[in-house]
Amino acid sequence: MQETAKKTLGPTTNYPSHLLPQSSRRLTALVASSVAISATTLLLHQPAWAQNAPAPAVAQIPTEQGIQPRQEPDTRTPTQRAAENYDAPGVRVGSFLLFPDLEADETFNDNVFATSNATGKTASFIQGFKPSLKLNSDWSTHMLNFYANAAFGIYTAAASQNYQDFSVGADGRYDIQKEWNTYGGVSYSRKHEELGTPNTVNGQTQPNVYYQLAGNVGYYQRFGSIKTRLDGHVDNYNYLNNPFVPGVIPNTDRNRTEIREAVRVGYEFIPGYEIWTRGGLNQRVYQTVPDSNGQNRNSSGFDIVGGFALDFGGITALEVFAGYIQQNYVDVQFKQISVPTFGLTGYWNPYRPLFIKPYIKRTVDDSSLANASAYLNTSGGVDVNYSMRPNIRLDGHADYTVVDYQAVSGTPGAEYDQYYTFRVGLLYLPTPNFYVGPTYQFVHRTSNIFNADYDQNVIMLRLGARL
């Protein structure tokens, strides 16, 4: 069965990663199916600051198929638990809990245009404003959640980088029986791709802005030691036009619908030890065919992987997989992409306040460059969370990413970028309703493109209030 979201110290900052990988009747039908299955069954039964890129909505995934932190016995007295509890209490609304949050940030970025030292840097202060609302069901079975959030940024020395992002959505789960459920979600968002991230180039002066409509639906059931899951996702991307930049296709040529279907089957041969396999299909359908460069970017592909999940007594858990990805393009200019894929997720929890979470992943993401069909996005990193006190948390992050563009046939010198990212932050809660803390991030990119290397330092001070 699905586990409800775990409470964590303070709000989690959604750092949109530069590592991640976007309107038709088919889209409408799939999204409608997702909403209908999730909402109807539930109701009838009651119950940046880092860089960002298109990311699909992810529905509720059963806990049996994800690595979950251990639950240690709590030996504290009720008085001790109350004194050390800094979770937002929320506001009860019938059988739901409402969690409002309002955050104001002051940020300094020493290289807002992500340019090399040779061409000069532009620094700016940034005033950020982030309101959010979450409405979560508080039921013993089933689940239904709604959310709305926004992020506004005002650059004092680079107004072209101002952004106005938002996202609204819902997700839910209907529990048929123990370890047997259906789930789904739908969201609508406005996002942006900051300069210096994949699919932006030297000379670009404004971030890419787009709207994303996403939906998903899934089914999970366990038969003894056999675990099964079916997933369907659809993402529709509509970009606002950008000023012309040589070498980049017009943003409106990137408008597309991406559809993904997957089946996963696992076998838990010993409690806590599972082997599994997953097969998936995808279809990427562009709105403008051919585009302004005379290219047809439509494609379809598949992936097949196998892996294992291990739980070493709740202190350490690990999931590792490897397999094969293939993406086939309609246009003969774009070569078939056939590469191995692999991944890793896990955590090490040597004692209650400390979590260390490594990851490795590889994806094939569509490119905005005229001379490339897509890029292989391979990344690995680690997150560390340490609760120094019940109301003081230290967070750290480090990662390394390779972005390898796949050139059009006959085109030499495909772009090859490497990103190194380091981030550390401290969050202090004087009361459960207020939080404050600094965060520092450093990004370094190396590239085989002339003058595309850059360093970027970002310092942020967060101040927030919540109920």
# chains A, B, ... in the order shown; residues from 1 in each chain; ligands from 1

$ residues_around --residues "stretch 169-179 of chain A" --least-positions-apart "2" --cutoff "6 Å" --atoms "only C-alpha atoms" --output "PyMOL selection string"
chain A and resi 1+38+42+142-147+181-187+221-222

$ closest_atom_pairs --of "stretch 199-268 of chain A" --to "stretch 287-291 of chain A" --cutoff "12 Å" --atoms "only C-alpha atoms" --output "JSON lines"
{"residue": "A:Asn236", "atom": "CA", "partner": "A:Gln287", "partner_atom": "CA", "distance": 10.1}
{"residue": "A:Tyr237", "atom": "CA", "partner": "A:Gln287", "partner_atom": "CA", "distance": 9.7}
{"residue": "A:Asn238", "atom": "CA", "partner": "A:Gln287", "partner_atom": "CA", "distance": 9.3}
{"residue": "A:Tyr239", "atom": "CA", "partner": "A:Gln287", "partner_atom": "CA", "distance": 11.2}
{"residue": "A:Val248", "atom": "CA", "partner": "A:Asp291", "partner_atom": "CA", "distance": 11.8}
{"residue": "A:Ile249", "atom": "CA", "partner": "A:Asp291", "partner_atom": "CA", "distance": 8.2}
{"residue": "A:Pro250", "atom": "CA", "partner": "A:Asp291", "partner_atom": "CA", "distance": 8.7}
{"residue": "A:Asn251", "atom": "CA", "partner": "A:Asp291", "partner_atom": "CA", "distance": 10.4}
{"residue": "A:Thr252", "atom": "CA", "partner": "A:Thr288", "partner_atom": "CA", "distance": 8.1}
{"residue": "A:Asp253", "atom": "CA", "partner": "A:Asp291", "partner_atom": "CA", "distance": 5.7}
{"residue": "A:Arg254", "atom": "CA", "partner": "A:Gln287", "partner_atom": "CA", "distance": 7.9}
{"residue": "A:Asn255", "atom": "CA", "partner": "A:Gln287", "partner_atom": "CA", "distance": 5.7}
{"residue": "A:Arg256", "atom": "CA", "partner": "A:Gln287", "partner_atom": "CA", "distance": 5.4}
{"residue": "A:Thr257", "atom": "CA", "partner": "A:Gln287", "partner_atom": "CA", "distance": 7.9}
{"residue": "A:Glu258", "atom": "CA", "partner": "A:Gln287", "partner_atom": "CA", "distance": 11.1}

$ atom_distance --atom1 "atom CA of A:Phe422" --atom2 "atom CA of A:Phe321"
25.7 Å

$ residues_around --residues "A:Gly437" --least-positions-apart "2" --cutoff "8 Å" --atoms "only C-alpha atoms" --output "list in words"
Gly425, Leu426, Leu427, Tyr428, Tyr435, Thr439, Leu461, Arg462 and Leu463 of chain A

$ residues_around --residues "A:Gly307" --least-positions-apart "4" --cutoff "9 Å" --atoms "only C-alpha atoms" --output "count of residues only"
10

$ closest_residue --among "A:Thr107, A:Asn371, A:Asn199, A:Ser132" --to "A:Ser167" --atoms "only C-alpha atoms"
A:Ser132

$ atom_distance --atom1 "atom CA of A:Pro198" --atom2 "atom CA of A:Asp231"
27.4 Å

$ residues_around --residues "A:Val443" --least-positions-apart "3" --cutoff "6 Å" --atoms "only C-alpha atoms" --output "NGL selection string"
:A and (420-421 or 455-456)

$ select_by_dssp --residues "stretch 411-448 of chain A" --states "strand (DSSP E or B)" --output "number ranges by chain"
A: 416-431, 434-447

$ residues_around --residues "A:Pro207" --least-positions-apart "5" --cutoff "8 Å" --atoms "only C-alpha atoms" --output "PyMOL selection string"
chain A and resi 161+192-195+200

$ residues_around --residues "A:Ala150" --least-positions-apart "6" --cutoff "12 Å" --atoms "only C-alpha atoms" --output "PyMOL selection string"
chain A and resi 14+101-104+128-133+163-168+188-191

$ write_last_selection --atoms "N, CA, C and O atoms" --output "mmCIF file, in the first residue's frame"
data_model
loop_
_atom_site.group_PDB
_atom_site.id
_atom_site.type_symbol
_atom_site.label_atom_id
_atom_site.label_comp_id
_atom_site.auth_asym_id
_atom_site.auth_seq_id
_atom_site.Cartn_x
_atom_site.Cartn_y
_atom_site.Cartn_z
ATOM 1 N N ASN A 14 12.368 22.896 -3.441
ATOM 2 C CA ASN A 14 12.408 22.166 -4.689
ATOM 3 C C ASN A 14 13.477 22.779 -5.580
ATOM 4 O O ASN A 14 13.256 23.789 -6.216
ATOM 5 N N ASP A 101 1.932 27.973 3.243
ATOM 6 C CA ASP A 101 3.343 28.312 3.446
ATOM 7 C C ASP A 101 3.660 29.556 2.628
ATOM 8 O O ASP A 101 3.211 29.684 1.487
ATOM 9 N N LEU A 102 4.426 30.445 3.198
ATOM 10 C CA LEU A 102 4.838 31.660 2.502
ATOM 11 C C LEU A 102 6.320 31.889 2.784
ATOM 12 O O LEU A 102 6.719 32.009 3.944
ATOM 13 N N GLU A 103 7.117 31.937 1.711
ATOM 14 C CA GLU A 103 8.560 32.088 1.868
ATOM 15 C C GLU A 103 9.043 33.297 1.071
ATOM 16 O O GLU A 103 8.625 33.522 -0.072
ATOM 17 N N ALA A 104 9.944 34.072 1.672
ATOM 18 C CA ALA A 104 10.599 35.194 1.007
ATOM 19 C C ALA A 104 12.102 34.939 1.040
ATOM 20 O O ALA A 104 12.657 34.600 2.092
ATOM 21 N N GLY A 128 13.024 36.786 -4.089
ATOM 22 C CA GLY A 128 12.135 35.668 -4.392
ATOM 23 C C GLY A 128 10.938 35.644 -3.470
ATOM 24 O O GLY A 128 11.026 36.021 -2.286
ATOM 25 N N PHE A 129 9.818 35.184 -4.011
ATOM 26 C CA PHE A 129 8.560 35.116 -3.252
ATOM 27 C C PHE A 129 7.886 33.797 -3.618
ATOM 28 O O PHE A 129 7.632 33.539 -4.800
ATOM 29 N N LYS A 130 7.618 32.938 -2.614
ATOM 30 C CA LYS A 130 7.124 31.580 -2.882
ATOM 31 C C LYS A 130 5.928 31.240 -1.997
ATOM 32 O O LYS A 130 6.101 30.734 -0.879
ATOM 33 N N PRO A 131 4.716 31.512 -2.426
ATOM 34 C CA PRO A 131 3.538 31.050 -1.678
ATOM 35 C C PRO A 131 3.170 29.626 -2.097
ATOM 36 O O PRO A 131 3.398 29.223 -3.246
ATOM 37 N N SER A 132 2.591 28.874 -1.184
ATOM 38 C CA SER A 132 2.139 27.517 -1.523
ATOM 39 C C SER A 132 1.007 27.090 -0.595
ATOM 40 O O SER A 132 0.905 27.556 0.548
ATOM 41 N N LEU A 133 0.178 26.200 -1.116
ATOM 42 C CA LEU A 133 -0.920 25.589 -0.363
ATOM 43 C C LEU A 133 -0.951 24.093 -0.664
ATOM 44 O O LEU A 133 -0.827 23.689 -1.827
ATOM 45 N N TYR A 163 11.267 35.848 -13.433
ATOM 46 C CA TYR A 163 10.421 34.696 -13.740
ATOM 47 C C TYR A 163 9.174 34.701 -12.875
ATOM 48 O O TYR A 163 9.141 35.275 -11.783
ATOM 49 N N GLN A 164 8.144 34.063 -13.405
ATOM 50 C CA GLN A 164 6.866 33.895 -12.703
ATOM 51 C C GLN A 164 6.406 32.457 -12.950
ATOM 52 O O GLN A 164 5.772 32.164 -13.970
ATOM 53 N N ASP A 165 6.762 31.562 -12.054
ATOM 54 C CA ASP A 165 6.416 30.150 -12.191
ATOM 55 C C ASP A 165 5.239 29.799 -11.283
ATOM 56 O O ASP A 165 5.039 30.429 -10.239
ATOM 57 N N PHE A 166 4.484 28.788 -11.668
ATOM 58 C CA PHE A 166 3.419 28.285 -10.797
ATOM 59 C C PHE A 166 3.125 26.833 -11.158
ATOM 60 O O PHE A 166 3.493 26.353 -12.243
ATOM 61 N N SER A 167 2.445 26.155 -10.260
ATOM 62 C CA SER A 167 2.021 24.780 -10.507
ATOM 63 C C SER A 167 0.791 24.484 -9.655
ATOM 64 O O SER A 167 0.746 24.840 -8.473
ATOM 65 N N VAL A 168 -0.208 23.863 -10.261
ATOM 66 C CA VAL A 168 -1.391 23.405 -9.542
ATOM 67 C C VAL A 168 -1.623 21.952 -9.933
ATOM 68 O O VAL A 168 -1.355 21.554 -11.067
ATOM 69 N N TYR A 188 -0.788 21.179 -13.831
ATOM 70 C CA TYR A 188 -0.582 22.192 -14.861
ATOM 71 C C TYR A 188 0.401 23.207 -14.307
ATOM 72 O O TYR A 188 0.214 23.719 -13.196
ATOM 73 N N SER A 189 1.464 23.500 -15.072
ATOM 74 C CA SER A 189 2.555 24.317 -14.543
ATOM 75 C C SER A 189 3.075 25.289 -15.584
ATOM 76 O O SER A 189 2.994 25.040 -16.793
ATOM 77 N N ARG A 190 3.621 26.383 -15.083
ATOM 78 C CA ARG A 190 4.455 27.284 -15.881
ATOM 79 C C ARG A 190 5.853 27.213 -15.284
ATOM 80 O O ARG A 190 6.030 27.392 -14.070
ATOM 81 N N LYS A 191 6.877 26.944 -16.119
ATOM 82 C CA LYS A 191 8.239 26.766 -15.644
ATOM 83 C C LYS A 191 9.203 27.498 -16.567
ATOM 84 O O LYS A 191 8.815 28.032 -17.601
#

$ closest_residue --among "A:Tyr351, A:Gly301, A:Leu369, A:Asn457" --to "A:Ser338" --atoms "only C-alpha atoms"
A:Gly301
